[in-house]
Structures are given as structure tokens and as C-alpha cells.
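Engineer: protein_23.cif is the file, holding mmCIF, N, CA and C atoms:
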```cif
data_coords
loop_
_atom_site.label_atom_id
_atom_site.label_comp_id
_atom_site.auth_asym_id
_atom_site.auth_seq_id
_atom_site.Cartn_x
_atom_site.Cartn_y
_atom_site.Cartn_z
N MET A 995 14.65 16.58 -30.76
CA MET A 995 14.70 15.45 -29.86
C MET A 995 16.14 15.16 -29.46
N THR A 996 16.37 15.01 -28.19
CA THR A 996 17.69 14.67 -27.69
C THR A 996 17.87 13.16 -27.73
N VAL A 997 18.98 12.75 -28.33
CA VAL A 997 19.29 11.33 -28.42
C VAL A 997 20.11 10.95 -27.20
N THR A 998 19.73 9.84 -26.59
CA THR A 998 20.41 9.37 -25.39
C THR A 998 21.35 8.21 -25.71
N ARG A 999 22.19 7.89 -24.75
CA ARG A 999 23.07 6.73 -24.92
C ARG A 999 22.24 5.46 -25.06
N ARG A 1000 21.11 5.43 -24.40
CA ARG A 1000 20.23 4.26 -24.52
C ARG A 1000 19.80 4.09 -25.97
N GLN A 1001 19.38 5.18 -26.61
CA GLN A 1001 18.96 5.10 -28.02
C GLN A 1001 20.14 4.69 -28.89
N ALA A 1002 21.31 5.23 -28.61
CA ALA A 1002 22.51 4.87 -29.38
C ALA A 1002 22.82 3.39 -29.23
N ARG A 1003 22.65 2.86 -28.03
CA ARG A 1003 22.86 1.42 -27.82
C ARG A 1003 21.82 0.60 -28.57
N GLU A 1004 20.59 1.09 -28.62
CA GLU A 1004 19.55 0.39 -29.39
C GLU A 1004 19.96 0.30 -30.86
N TRP A 1005 20.44 1.40 -31.41
CA TRP A 1005 20.89 1.37 -32.80
C TRP A 1005 22.05 0.41 -32.97
N ALA A 1006 22.97 0.40 -32.02
CA ALA A 1006 24.12 -0.50 -32.10
C ALA A 1006 23.66 -1.96 -32.09
N VAL A 1007 22.71 -2.30 -31.24
CA VAL A 1007 22.19 -3.67 -31.20
C VAL A 1007 21.53 -4.03 -32.53
N GLN A 1008 20.79 -3.10 -33.09
CA GLN A 1008 20.16 -3.37 -34.38
C GLN A 1008 21.21 -3.61 -35.46
N MET A 1009 22.26 -2.80 -35.47
CA MET A 1009 23.32 -2.98 -36.45
C MET A 1009 24.07 -4.29 -36.22
N LEU A 1010 24.35 -4.61 -34.97
CA LEU A 1010 25.08 -5.84 -34.67
C LEU A 1010 24.25 -7.08 -34.99
N THR A 1011 22.95 -6.99 -34.80
CA THR A 1011 22.07 -8.10 -35.17
C THR A 1011 22.10 -8.29 -36.68
N ALA A 1012 22.02 -7.21 -37.43
CA ALA A 1012 22.09 -7.30 -38.89
C ALA A 1012 23.42 -7.89 -39.34
N ALA A 1013 24.50 -7.47 -38.70
CA ALA A 1013 25.83 -7.97 -39.05
C ALA A 1013 25.97 -9.45 -38.72
N ASP A 1014 25.32 -9.89 -37.66
CA ASP A 1014 25.37 -11.30 -37.28
C ASP A 1014 24.67 -12.15 -38.33
N LEU A 1015 23.58 -11.65 -38.85
CA LEU A 1015 22.81 -12.39 -39.85
C LEU A 1015 23.44 -12.34 -41.24
N ASN A 1016 24.17 -11.27 -41.52
CA ASN A 1016 24.81 -11.10 -42.82
C ASN A 1016 26.15 -10.41 -42.60
N PRO A 1017 27.19 -11.16 -42.23
CA PRO A 1017 28.48 -10.54 -41.87
C PRO A 1017 29.04 -9.65 -42.99
N PRO A 1018 29.40 -8.42 -42.62
CA PRO A 1018 29.90 -7.48 -43.63
C PRO A 1018 31.37 -7.73 -43.96
N GLU A 1019 31.72 -7.40 -45.20
CA GLU A 1019 33.12 -7.47 -45.60
C GLU A 1019 33.86 -6.20 -45.19
N ASP A 1020 33.16 -5.07 -45.27
CA ASP A 1020 33.76 -3.78 -44.92
C ASP A 1020 32.91 -3.12 -43.83
N VAL A 1021 33.49 -2.96 -42.66
CA VAL A 1021 32.75 -2.42 -41.51
C VAL A 1021 32.25 -1.01 -41.76
N GLY A 1022 33.09 -0.15 -42.33
CA GLY A 1022 32.70 1.24 -42.58
C GLY A 1022 31.52 1.35 -43.52
N SER A 1023 31.56 0.61 -44.61
CA SER A 1023 30.45 0.63 -45.57
C SER A 1023 29.18 0.05 -44.94
N PHE A 1024 29.36 -0.99 -44.16
CA PHE A 1024 28.22 -1.60 -43.48
C PHE A 1024 27.53 -0.60 -42.56
N ILE A 1025 28.32 0.10 -41.75
CA ILE A 1025 27.75 1.07 -40.81
C ILE A 1025 27.03 2.18 -41.56
N ALA A 1026 27.62 2.69 -42.63
CA ALA A 1026 26.97 3.74 -43.43
C ALA A 1026 25.63 3.25 -43.98
N SER A 1027 25.61 2.04 -44.47
CA SER A 1027 24.38 1.46 -45.01
C SER A 1027 23.33 1.28 -43.92
N GLU A 1028 23.77 0.86 -42.75
CA GLU A 1028 22.84 0.68 -41.64
C GLU A 1028 22.23 2.00 -41.18
N TRP A 1029 23.03 3.07 -41.18
CA TRP A 1029 22.48 4.39 -40.82
C TRP A 1029 21.36 4.77 -41.78
N GLU A 1030 21.57 4.52 -43.07
CA GLU A 1030 20.53 4.82 -44.06
C GLU A 1030 19.26 4.02 -43.77
N GLN A 1031 19.43 2.74 -43.49
CA GLN A 1031 18.29 1.88 -43.19
C GLN A 1031 17.56 2.35 -41.93
N LEU A 1032 18.32 2.62 -40.88
CA LEU A 1032 17.71 3.07 -39.63
C LEU A 1032 16.98 4.41 -39.81
N ALA A 1033 17.57 5.31 -40.58
CA ALA A 1033 16.96 6.62 -40.80
C ALA A 1033 15.61 6.50 -41.49
N SER A 1034 15.46 5.48 -42.33
CA SER A 1034 14.19 5.30 -43.02
C SER A 1034 13.11 4.76 -42.08
N GLU A 1035 13.55 4.19 -40.94
CA GLU A 1035 12.62 3.60 -39.99
C GLU A 1035 12.42 4.45 -38.73
N ASP A 1036 13.42 5.25 -38.41
CA ASP A 1036 13.43 6.00 -37.15
C ASP A 1036 13.95 7.41 -37.44
N GLU A 1037 13.09 8.39 -37.29
CA GLU A 1037 13.45 9.78 -37.62
C GLU A 1037 14.70 10.25 -36.87
N SER A 1038 14.83 9.87 -35.61
CA SER A 1038 15.99 10.33 -34.83
C SER A 1038 17.30 9.73 -35.33
N ALA A 1039 17.24 8.57 -35.99
CA ALA A 1039 18.46 7.97 -36.55
C ALA A 1039 18.95 8.76 -37.76
N GLY A 1040 18.08 9.57 -38.34
CA GLY A 1040 18.48 10.40 -39.46
C GLY A 1040 19.35 11.57 -39.04
N ASN A 1041 19.28 11.94 -37.76
CA ASN A 1041 20.08 13.03 -37.23
C ASN A 1041 20.43 12.73 -35.77
N PRO A 1042 21.35 11.76 -35.56
CA PRO A 1042 21.64 11.34 -34.19
C PRO A 1042 22.53 12.31 -33.41
N GLY A 1043 23.15 13.25 -34.09
CA GLY A 1043 24.12 14.13 -33.43
C GLY A 1043 25.49 13.46 -33.47
N LYS A 1044 26.53 14.27 -33.51
CA LYS A 1044 27.89 13.74 -33.65
C LYS A 1044 28.28 12.81 -32.52
N LYS A 1045 27.99 13.20 -31.29
CA LYS A 1045 28.42 12.40 -30.13
C LYS A 1045 27.73 11.03 -30.10
N MET A 1046 26.44 11.01 -30.34
CA MET A 1046 25.71 9.74 -30.26
C MET A 1046 25.98 8.86 -31.48
N LYS A 1047 26.24 9.50 -32.60
CA LYS A 1047 26.60 8.72 -33.79
C LYS A 1047 27.96 8.05 -33.54
N ALA A 1048 28.90 8.81 -32.99
CA ALA A 1048 30.22 8.26 -32.69
C ALA A 1048 30.11 7.17 -31.61
N PHE A 1049 29.26 7.39 -30.63
CA PHE A 1049 29.03 6.41 -29.56
C PHE A 1049 28.54 5.08 -30.16
N THR A 1050 27.57 5.17 -31.05
CA THR A 1050 27.02 3.98 -31.70
C THR A 1050 28.08 3.29 -32.55
N GLU A 1051 28.73 4.07 -33.39
CA GLU A 1051 29.71 3.50 -34.32
C GLU A 1051 30.91 2.89 -33.60
N GLU A 1052 31.30 3.49 -32.47
CA GLU A 1052 32.41 2.94 -31.70
C GLU A 1052 32.08 1.53 -31.22
N ARG A 1053 30.86 1.33 -30.76
CA ARG A 1053 30.45 0.02 -30.29
C ARG A 1053 30.33 -0.99 -31.43
N VAL A 1054 29.72 -0.58 -32.51
CA VAL A 1054 29.54 -1.50 -33.63
C VAL A 1054 30.89 -1.89 -34.24
N SER A 1055 31.71 -0.92 -34.54
CA SER A 1055 33.01 -1.25 -35.14
C SER A 1055 33.89 -1.99 -34.15
N GLY A 1056 33.85 -1.63 -32.87
CA GLY A 1056 34.63 -2.32 -31.86
C GLY A 1056 34.27 -3.79 -31.77
N VAL A 1057 32.98 -4.07 -31.75
CA VAL A 1057 32.54 -5.47 -31.70
C VAL A 1057 32.91 -6.20 -32.97
N LEU A 1058 32.61 -5.60 -34.12
CA LEU A 1058 32.86 -6.31 -35.38
C LEU A 1058 34.34 -6.54 -35.64
N LEU A 1059 35.18 -5.59 -35.27
CA LEU A 1059 36.62 -5.75 -35.49
C LEU A 1059 37.27 -6.68 -34.46
N GLY A 1060 36.62 -6.83 -33.32
CA GLY A 1060 37.18 -7.70 -32.28
C GLY A 1060 36.33 -8.93 -32.01
N ILE A 1061 35.52 -9.31 -32.97
CA ILE A 1061 34.52 -10.35 -32.73
C ILE A 1061 35.14 -11.71 -32.37
N ALA A 1062 36.28 -12.05 -32.93
CA ALA A 1062 36.88 -13.35 -32.61
C ALA A 1062 37.23 -13.45 -31.13
N GLY A 1063 37.86 -12.44 -30.58
CA GLY A 1063 38.21 -12.44 -29.17
C GLY A 1063 36.99 -12.36 -28.27
N ILE A 1064 36.01 -11.57 -28.69
CA ILE A 1064 34.77 -11.43 -27.91
C ILE A 1064 34.05 -12.77 -27.87
N ASP A 1065 33.96 -13.43 -29.01
CA ASP A 1065 33.27 -14.73 -29.06
C ASP A 1065 34.03 -15.79 -28.27
N GLU A 1066 35.34 -15.70 -28.26
CA GLU A 1066 36.13 -16.64 -27.45
C GLU A 1066 35.80 -16.44 -25.97
N ALA A 1067 35.78 -15.20 -25.52
CA ALA A 1067 35.44 -14.91 -24.13
C ALA A 1067 34.01 -15.35 -23.82
N LEU A 1068 33.10 -15.07 -24.72
CA LEU A 1068 31.70 -15.44 -24.54
C LEU A 1068 31.56 -16.96 -24.48
N GLY A 1069 32.27 -17.65 -25.33
CA GLY A 1069 32.23 -19.11 -25.32
C GLY A 1069 32.68 -19.70 -23.99
N ARG A 1070 33.72 -19.12 -23.40
CA ARG A 1070 34.19 -19.59 -22.08
C ARG A 1070 33.13 -19.34 -21.01
N LEU A 1071 32.41 -18.25 -21.12
CA LEU A 1071 31.38 -17.91 -20.13
C LEU A 1071 30.16 -18.81 -20.23
N LEU A 1072 29.90 -19.31 -21.42
CA LEU A 1072 28.69 -20.11 -21.64
C LEU A 1072 28.79 -21.53 -21.09
N GLU A 1073 30.01 -22.03 -20.89
CA GLU A 1073 30.21 -23.36 -20.30
C GLU A 1073 29.29 -24.42 -20.90
N ASN A 1074 29.80 -25.18 -21.83
CA ASN A 1074 29.07 -26.30 -22.45
C ASN A 1074 27.82 -25.85 -23.21
N TRP A 1075 27.85 -24.65 -23.72
CA TRP A 1075 26.72 -24.14 -24.49
C TRP A 1075 27.31 -23.41 -25.69
N ASP A 1076 26.90 -23.76 -26.87
CA ASP A 1076 27.43 -23.14 -28.08
C ASP A 1076 26.88 -21.72 -28.24
N ILE A 1077 27.74 -20.81 -28.62
CA ILE A 1077 27.36 -19.40 -28.78
C ILE A 1077 26.21 -19.24 -29.79
N TYR A 1078 26.16 -20.12 -30.78
CA TYR A 1078 25.12 -19.98 -31.80
C TYR A 1078 23.79 -20.61 -31.39
N ARG A 1079 23.72 -21.13 -30.19
CA ARG A 1079 22.44 -21.56 -29.65
C ARG A 1079 21.73 -20.40 -28.96
N LEU A 1080 22.47 -19.33 -28.71
CA LEU A 1080 21.85 -18.11 -28.17
C LEU A 1080 21.02 -17.46 -29.27
N GLY A 1081 20.04 -16.69 -28.88
CA GLY A 1081 19.29 -15.91 -29.85
C GLY A 1081 20.17 -14.83 -30.46
N THR A 1082 19.86 -14.40 -31.64
CA THR A 1082 20.66 -13.39 -32.33
C THR A 1082 20.73 -12.10 -31.53
N VAL A 1083 19.63 -11.68 -30.97
CA VAL A 1083 19.61 -10.45 -30.19
C VAL A 1083 20.47 -10.60 -28.94
N GLU A 1084 20.31 -11.71 -28.24
CA GLU A 1084 21.09 -11.93 -27.03
C GLU A 1084 22.59 -11.94 -27.36
N ARG A 1085 22.94 -12.56 -28.46
CA ARG A 1085 24.34 -12.60 -28.89
C ARG A 1085 24.86 -11.19 -29.14
N ALA A 1086 24.08 -10.38 -29.82
CA ALA A 1086 24.49 -9.00 -30.11
C ALA A 1086 24.64 -8.19 -28.82
N VAL A 1087 23.69 -8.33 -27.93
CA VAL A 1087 23.73 -7.59 -26.66
C VAL A 1087 24.93 -8.03 -25.82
N LEU A 1088 25.16 -9.33 -25.74
CA LEU A 1088 26.29 -9.84 -24.97
C LEU A 1088 27.62 -9.41 -25.56
N ARG A 1089 27.73 -9.48 -26.87
CA ARG A 1089 28.97 -9.04 -27.51
C ARG A 1089 29.25 -7.57 -27.20
N MET A 1090 28.23 -6.75 -27.31
CA MET A 1090 28.43 -5.33 -27.04
C MET A 1090 28.78 -5.11 -25.57
N GLY A 1091 28.12 -5.82 -24.67
CA GLY A 1091 28.43 -5.68 -23.25
C GLY A 1091 29.86 -6.08 -22.92
N ILE A 1092 30.31 -7.17 -23.49
CA ILE A 1092 31.68 -7.62 -23.27
C ILE A 1092 32.66 -6.60 -23.83
N TRP A 1093 32.37 -6.09 -25.02
CA TRP A 1093 33.26 -5.07 -25.61
C TRP A 1093 33.30 -3.83 -24.72
N GLU A 1094 32.12 -3.36 -24.30
CA GLU A 1094 32.08 -2.14 -23.48
C GLU A 1094 32.86 -2.30 -22.18
N MET A 1095 32.75 -3.45 -21.55
CA MET A 1095 33.47 -3.65 -20.28
C MET A 1095 34.98 -3.60 -20.47
N GLY A 1096 35.43 -4.04 -21.61
CA GLY A 1096 36.87 -4.06 -21.86
C GLY A 1096 37.44 -2.81 -22.49
N HIS A 1097 36.57 -1.95 -23.03
CA HIS A 1097 37.08 -0.82 -23.82
C HIS A 1097 36.54 0.55 -23.46
N THR A 1098 35.73 0.64 -22.41
CA THR A 1098 35.19 1.94 -22.02
C THR A 1098 35.33 2.12 -20.51
N ASP A 1099 35.09 3.32 -20.07
CA ASP A 1099 35.12 3.57 -18.62
C ASP A 1099 33.72 3.58 -18.02
N VAL A 1100 32.74 3.09 -18.77
CA VAL A 1100 31.38 2.98 -18.25
C VAL A 1100 31.38 1.93 -17.14
N PRO A 1101 30.83 2.25 -15.98
CA PRO A 1101 30.80 1.27 -14.88
C PRO A 1101 30.08 -0.02 -15.30
N HIS A 1102 30.63 -1.13 -14.88
CA HIS A 1102 30.07 -2.43 -15.26
C HIS A 1102 28.60 -2.58 -14.89
N PRO A 1103 28.16 -2.14 -13.70
CA PRO A 1103 26.72 -2.26 -13.39
C PRO A 1103 25.84 -1.50 -14.39
N VAL A 1104 26.31 -0.38 -14.90
CA VAL A 1104 25.55 0.38 -15.90
C VAL A 1104 25.47 -0.41 -17.20
N ILE A 1105 26.60 -0.99 -17.61
CA ILE A 1105 26.63 -1.80 -18.84
C ILE A 1105 25.68 -2.98 -18.70
N ILE A 1106 25.73 -3.66 -17.57
CA ILE A 1106 24.87 -4.82 -17.35
C ILE A 1106 23.41 -4.40 -17.36
N ASN A 1107 23.07 -3.32 -16.67
CA ASN A 1107 21.69 -2.85 -16.63
C ASN A 1107 21.18 -2.50 -18.03
N GLU A 1108 21.99 -1.78 -18.79
CA GLU A 1108 21.59 -1.43 -20.16
C GLU A 1108 21.40 -2.68 -21.01
N ALA A 1109 22.31 -3.64 -20.87
CA ALA A 1109 22.23 -4.87 -21.65
C ALA A 1109 20.96 -5.66 -21.30
N VAL A 1110 20.65 -5.74 -20.03
CA VAL A 1110 19.46 -6.45 -19.59
C VAL A 1110 18.21 -5.76 -20.16
N ASP A 1111 18.16 -4.44 -20.08
CA ASP A 1111 17.02 -3.69 -20.64
C ASP A 1111 16.90 -3.89 -22.15
N LEU A 1112 18.03 -3.86 -22.84
CA LEU A 1112 18.01 -4.03 -24.30
C LEU A 1112 17.54 -5.44 -24.68
N SER A 1113 18.01 -6.45 -23.96
CA SER A 1113 17.58 -7.80 -24.28
C SER A 1113 16.09 -7.98 -24.02
N ASN A 1114 15.60 -7.35 -22.98
CA ASN A 1114 14.17 -7.40 -22.69
C ASN A 1114 13.37 -6.68 -23.77
N TRP A 1115 13.87 -5.53 -24.21
CA TRP A 1115 13.18 -4.71 -25.21
C TRP A 1115 13.14 -5.40 -26.58
N PHE A 1116 14.28 -5.94 -27.00
CA PHE A 1116 14.37 -6.52 -28.34
C PHE A 1116 14.06 -8.02 -28.40
N SER A 1117 14.09 -8.70 -27.26
CA SER A 1117 13.89 -10.14 -27.28
C SER A 1117 12.71 -10.49 -26.38
N SER A 1118 13.01 -11.06 -25.23
CA SER A 1118 11.94 -11.47 -24.33
C SER A 1118 12.38 -11.30 -22.88
N PRO A 1119 11.43 -11.24 -21.97
CA PRO A 1119 11.79 -11.11 -20.55
C PRO A 1119 12.69 -12.25 -20.06
N SER A 1120 12.55 -13.43 -20.65
CA SER A 1120 13.38 -14.56 -20.20
C SER A 1120 14.85 -14.37 -20.55
N SER A 1121 15.15 -13.54 -21.53
CA SER A 1121 16.55 -13.32 -21.90
C SER A 1121 17.28 -12.46 -20.87
N ARG A 1122 16.53 -11.75 -20.06
CA ARG A 1122 17.12 -10.87 -19.04
C ARG A 1122 18.06 -11.63 -18.12
N SER A 1123 17.62 -12.79 -17.64
CA SER A 1123 18.44 -13.53 -16.69
C SER A 1123 19.70 -14.10 -17.34
N ILE A 1124 19.60 -14.51 -18.58
CA ILE A 1124 20.77 -15.03 -19.29
C ILE A 1124 21.81 -13.93 -19.46
N VAL A 1125 21.36 -12.79 -19.98
CA VAL A 1125 22.26 -11.66 -20.21
C VAL A 1125 22.86 -11.17 -18.90
N ASN A 1126 22.04 -11.03 -17.89
CA ASN A 1126 22.52 -10.57 -16.59
C ASN A 1126 23.58 -11.53 -16.03
N GLY A 1127 23.28 -12.80 -16.05
CA GLY A 1127 24.20 -13.78 -15.49
C GLY A 1127 25.54 -13.83 -16.21
N ILE A 1128 25.51 -13.82 -17.52
CA ILE A 1128 26.75 -13.91 -18.29
C ILE A 1128 27.59 -12.65 -18.13
N LEU A 1129 26.97 -11.48 -18.22
CA LEU A 1129 27.75 -10.25 -18.09
C LEU A 1129 28.25 -10.04 -16.66
N ASP A 1130 27.47 -10.45 -15.68
CA ASP A 1130 27.93 -10.36 -14.30
C ASP A 1130 29.15 -11.26 -14.10
N LYS A 1131 29.09 -12.44 -14.64
CA LYS A 1131 30.21 -13.38 -14.55
C LYS A 1131 31.46 -12.79 -15.24
N TYR A 1132 31.26 -12.19 -16.40
CA TYR A 1132 32.38 -11.59 -17.12
C TYR A 1132 32.97 -10.42 -16.32
N SER A 1133 32.10 -9.60 -15.76
CA SER A 1133 32.55 -8.46 -14.95
C SER A 1133 33.42 -8.94 -13.79
N LYS A 1134 33.00 -10.01 -13.15
CA LYS A 1134 33.76 -10.55 -12.02
C LYS A 1134 35.12 -11.08 -12.47
N THR A 1135 35.21 -11.65 -13.67
CA THR A 1135 36.51 -12.14 -14.14
C THR A 1135 37.45 -10.96 -14.40
N LEU A 1136 36.90 -9.86 -14.91
CA LEU A 1136 37.71 -8.66 -15.15
C LEU A 1136 38.16 -8.05 -13.83
N THR A 1137 37.27 -7.97 -12.87
CA THR A 1137 37.59 -7.41 -11.57
C THR A 1137 38.64 -8.26 -10.87
N ALA A 1138 38.49 -9.58 -10.93
CA ALA A 1138 39.47 -10.48 -10.32
C ALA A 1138 40.81 -10.36 -11.01
N GLY A 1139 40.79 -10.19 -12.33
CA GLY A 1139 42.02 -10.05 -13.09
C GLY A 1139 42.77 -8.77 -12.77
N ASN A 1140 42.03 -7.71 -12.42
CA ASN A 1140 42.66 -6.43 -12.07
C ASN A 1140 43.27 -6.44 -10.69
N ARG A 1141 42.83 -7.33 -9.84
CA ARG A 1141 43.37 -7.40 -8.48
C ARG A 1141 44.72 -8.12 -8.45
N SER A 1142 44.96 -8.95 -9.44
CA SER A 1142 46.20 -9.73 -9.43
C SER A 1142 47.40 -8.91 -9.78
#
```
Take the structure from the file and write it as C-alpha cells.
Structural biologist:
Amino acid sequence: MTVTRRQAREWAVQMLTAADLNPPEDVGSFIASEWEQLASEDESAGNPGKKMKAFTEERVSGVLLGIAGIDEALGRLLENWDIYRLGTVERAVLRMGIWEMGHTDVPHPVIINEAVDLSNWFSSPSSRSIVNGILDKYSKTLTAGNRS
């Protein structure tokens, strides 16, 4: 079975959700433990391939190591709404989307589309509009910042 970036992002969201519920002290150990857990539930997670494993781990460690800055940016985007009033899945998806926009060359519309699909898959259809709106707003702030 060929593992896709979509599947790798699904694993990343699952790991980030677990980390949100039980923040790890050591990111490396946490990721290793999560791979074991995922492999017991999903056969493809037992052998994701080097590229997709690195893709997943880059997102998880990037978010977890930069969570303070990501949450600060997310808080500004939420305008009068506390970050912890968001659902855990939506928070994980938004954090990963914000990290990806700032640290990868993946086009922002692709990141937003993947995030919307992930929030719909793991949460509910109503979360699609929240995730879409927040990430679109963030993308526009980055684009405006690059023009200056």
C-alpha cells in the first residue's frame, strides 16, 4: 500500500490530538510511542515508508516545539474566542495548518483544503467552516506580510 501525504497528515492530527490531551515532556519519545500505538490500530502506520514517516514527524515535532508561537497566532485569529473553546481536533488541525504555512513550500490553498478535509473527517462537517475561515485569514496575513 502506498502511503499518501493525506494519510501522513491524518497520523499527524492523531498524534497532535493525543499531545494536546496529554502534553509530552519529550517530543521524540512521544512520537515513537505514538507510532507504536498507531501501528497497533492501522497496518499502514506500521510501515509508513521513510518519506511519509519524516513528513508526519516534521509536522508533529514542528507544532509541538513551536506551540507557544502557533497558539499566539491562533489566538489573534480567533478574536474574542479562547483557543481552548475550540474542539481538540480543530485545535490540532489549525495548529498544523498554521505551522505548515510558515514552514513548508506547500501552497496555502492545498494546506487549507487538507485541513478542511481532516477536520470534517475527524470532527464534524460544521468544523469545516471554522477551519477554512481561520486558515484563510492566516494565509492572507502571511501574504500581506510578504508584500511589505
Engineer: For Ser1027 (chain A), list every protein, DNA or RNA residue within 12 Å, evaluated using only C-alpha atoms, and leave out those in the same chain fewer than 5 positions away; present the list as a ChimeraX atom specification.
Structural biologist: /A:1009,1012-1013,1018,1020-1022,1032-1034
Engineer: How many Å separate CA of Ser1117 (chain A) from atom C of Glu1084 (chain A)?
Structural biologist: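 It comes out at 8.9 Å.
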Engineer: Residues picked by the PyMOL selection byres (((chain A and resi 1104 and name CA) around 12) and name CA) here, as a ChimeraX atom specification?
Structural biologist: /A:999-1000,1091,1094-1095,1098-1103,1105-1111,1126,1129-1130,1133
Engineer: Nearest to Val997 (chain A) among A:Thr1011, A:Ser1038, A:Ser1055, A:Ser1118, with distances taken over only N, CA and C atoms: which residue is it?
Structural biologist: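 Between A:Thr1011, A:Ser1038, A:Ser1055, A:Ser1118, the residue approaching Val997 (chain A) most closely is A:Ser1038.
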Engineer: Output the residue selection produced by the PyMOL selection byres (((chain A and resi 1047 and name CA) around 10) and name CA) on the file above, formatted as a short mmCIF file (atom, residue, chain, number, x, y, z; two decimals) with N, CA and C atoms, in the coordinates of the input.
Structural biologist:
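Below is the file that was written, part.cif:
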```
data_model
loop_
_atom_site.label_atom_id
_atom_site.label_comp_id
_atom_site.auth_asym_id
_atom_site.auth_seq_id
_atom_site.Cartn_x
_atom_site.Cartn_y
_atom_site.Cartn_z
N VAL A 997 18.98 12.75 -28.33
CA VAL A 997 19.29 11.33 -28.42
C VAL A 997 20.11 10.95 -27.20
N ARG A 999 22.19 7.89 -24.75
CA ARG A 999 23.07 6.73 -24.92
C ARG A 999 22.24 5.46 -25.06
N ALA A 1002 21.31 5.23 -28.61
CA ALA A 1002 22.51 4.87 -29.38
C ALA A 1002 22.82 3.39 -29.23
N TRP A 1005 20.44 1.40 -31.41
CA TRP A 1005 20.89 1.37 -32.80
C TRP A 1005 22.05 0.41 -32.97
N ALA A 1006 22.97 0.40 -32.02
CA ALA A 1006 24.12 -0.50 -32.10
C ALA A 1006 23.66 -1.96 -32.09
N TRP A 1029 23.03 3.07 -41.18
CA TRP A 1029 22.48 4.39 -40.82
C TRP A 1029 21.36 4.77 -41.78
N ALA A 1039 17.24 8.57 -35.99
CA ALA A 1039 18.46 7.97 -36.55
C ALA A 1039 18.95 8.76 -37.76
N ASN A 1041 19.28 11.94 -37.76
CA ASN A 1041 20.08 13.03 -37.23
C ASN A 1041 20.43 12.73 -35.77
N PRO A 1042 21.35 11.76 -35.56
CA PRO A 1042 21.64 11.34 -34.19
C PRO A 1042 22.53 12.31 -33.41
N GLY A 1043 23.15 13.25 -34.09
CA GLY A 1043 24.12 14.13 -33.43
C GLY A 1043 25.49 13.46 -33.47
N LYS A 1044 26.53 14.27 -33.51
CA LYS A 1044 27.89 13.74 -33.65
C LYS A 1044 28.28 12.81 -32.52
N LYS A 1045 27.99 13.20 -31.29
CA LYS A 1045 28.42 12.40 -30.13
C LYS A 1045 27.73 11.03 -30.10
N MET A 1046 26.44 11.01 -30.34
CA MET A 1046 25.71 9.74 -30.26
C MET A 1046 25.98 8.86 -31.48
N ALA A 1048 28.90 8.81 -32.99
CA ALA A 1048 30.22 8.26 -32.69
C ALA A 1048 30.11 7.17 -31.61
N PHE A 1049 29.26 7.39 -30.63
CA PHE A 1049 29.03 6.41 -29.56
C PHE A 1049 28.54 5.08 -30.16
N THR A 1050 27.57 5.17 -31.05
CA THR A 1050 27.02 3.98 -31.70
C THR A 1050 28.08 3.29 -32.55
N GLU A 1051 28.73 4.07 -33.39
CA GLU A 1051 29.71 3.50 -34.32
C GLU A 1051 30.91 2.89 -33.60
N GLU A 1052 31.30 3.49 -32.47
CA GLU A 1052 32.41 2.94 -31.70
C GLU A 1052 32.08 1.53 -31.22
#
```
Engineer: So how far away is atom N of Gln1031 (chain A) from atom N of Leu1015 (chain A), in Å?
Structural biologist: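 If I compute the distance from atom N of Leu1015 (chain A) to atom N of Gln1031 (chain A), I get 15.7 Å.
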Engineer: With the file shown as input, list the residues that the PyMOL selection byres (((chain A and resi 1069 and name CA) around 12) and name CA) selects, as a list in words.
Structural biologist: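 Output from the PyMOL selection byres (((chain A and resi 1069 and name CA) around 12) and name CA), applied to this file: Ile1061, Ala1062, Gly1063, Ile1064, Asp1065, Glu1066, Ala1067, Leu1068, Arg1070, Leu1071, Leu1072, Glu1073, Asn1074, Trp1075, Asp1076, Ile1077, Tyr1078, Arg1079, Leu1080, Arg1085, Leu1088, Arg1089, Ile1092, Ile1128 and Tyr1132 of chain A.
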Engineer: Distance atom N of Asp1036 (chain A)-atom N of Leu1010 (chain A), one decimal place?
Structural biologist: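 So the answer is 15.1 Å.
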Engineer: Report as a ChimeraX atom specification: the residues of region 1001-1138 of chain A with a DSSP assignment of alpha helix (DSSP H), based on the backbone of this structure.
Structural biologist: /A:1001-1015,1021-1035,1044-1059,1061-1072,1082-1097,1102-1116,1121-1138
Engineer: I'd like to know which of A:Leu1059, A:Arg1053, A:Gly1096, A:Glu1030 is closest to Pro1017 (chain A), using only C-alpha atoms.
Structural biologist: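 Distance minimum relative to Pro1017 (chain A) lands on A:Leu1059.
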Engineer: Using only N, CA and C atoms, which of A:Ile1124, A:Lys1134, A:Leu1112, A:Leu1058 sits nearest Glu1004 (chain A)?
Structural biologist: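 Smallest distance to Glu1004 (chain A) is found for A:Leu1112.
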Engineer: When you count all atoms listed in the file, which of these residues is closest to Ala1086 (chain A): A:Glu1028, A:Gly1127, A:Thr996, A:Val1007?
Structural biologist: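 Smallest distance to Ala1086 (chain A) is found for A:Val1007.
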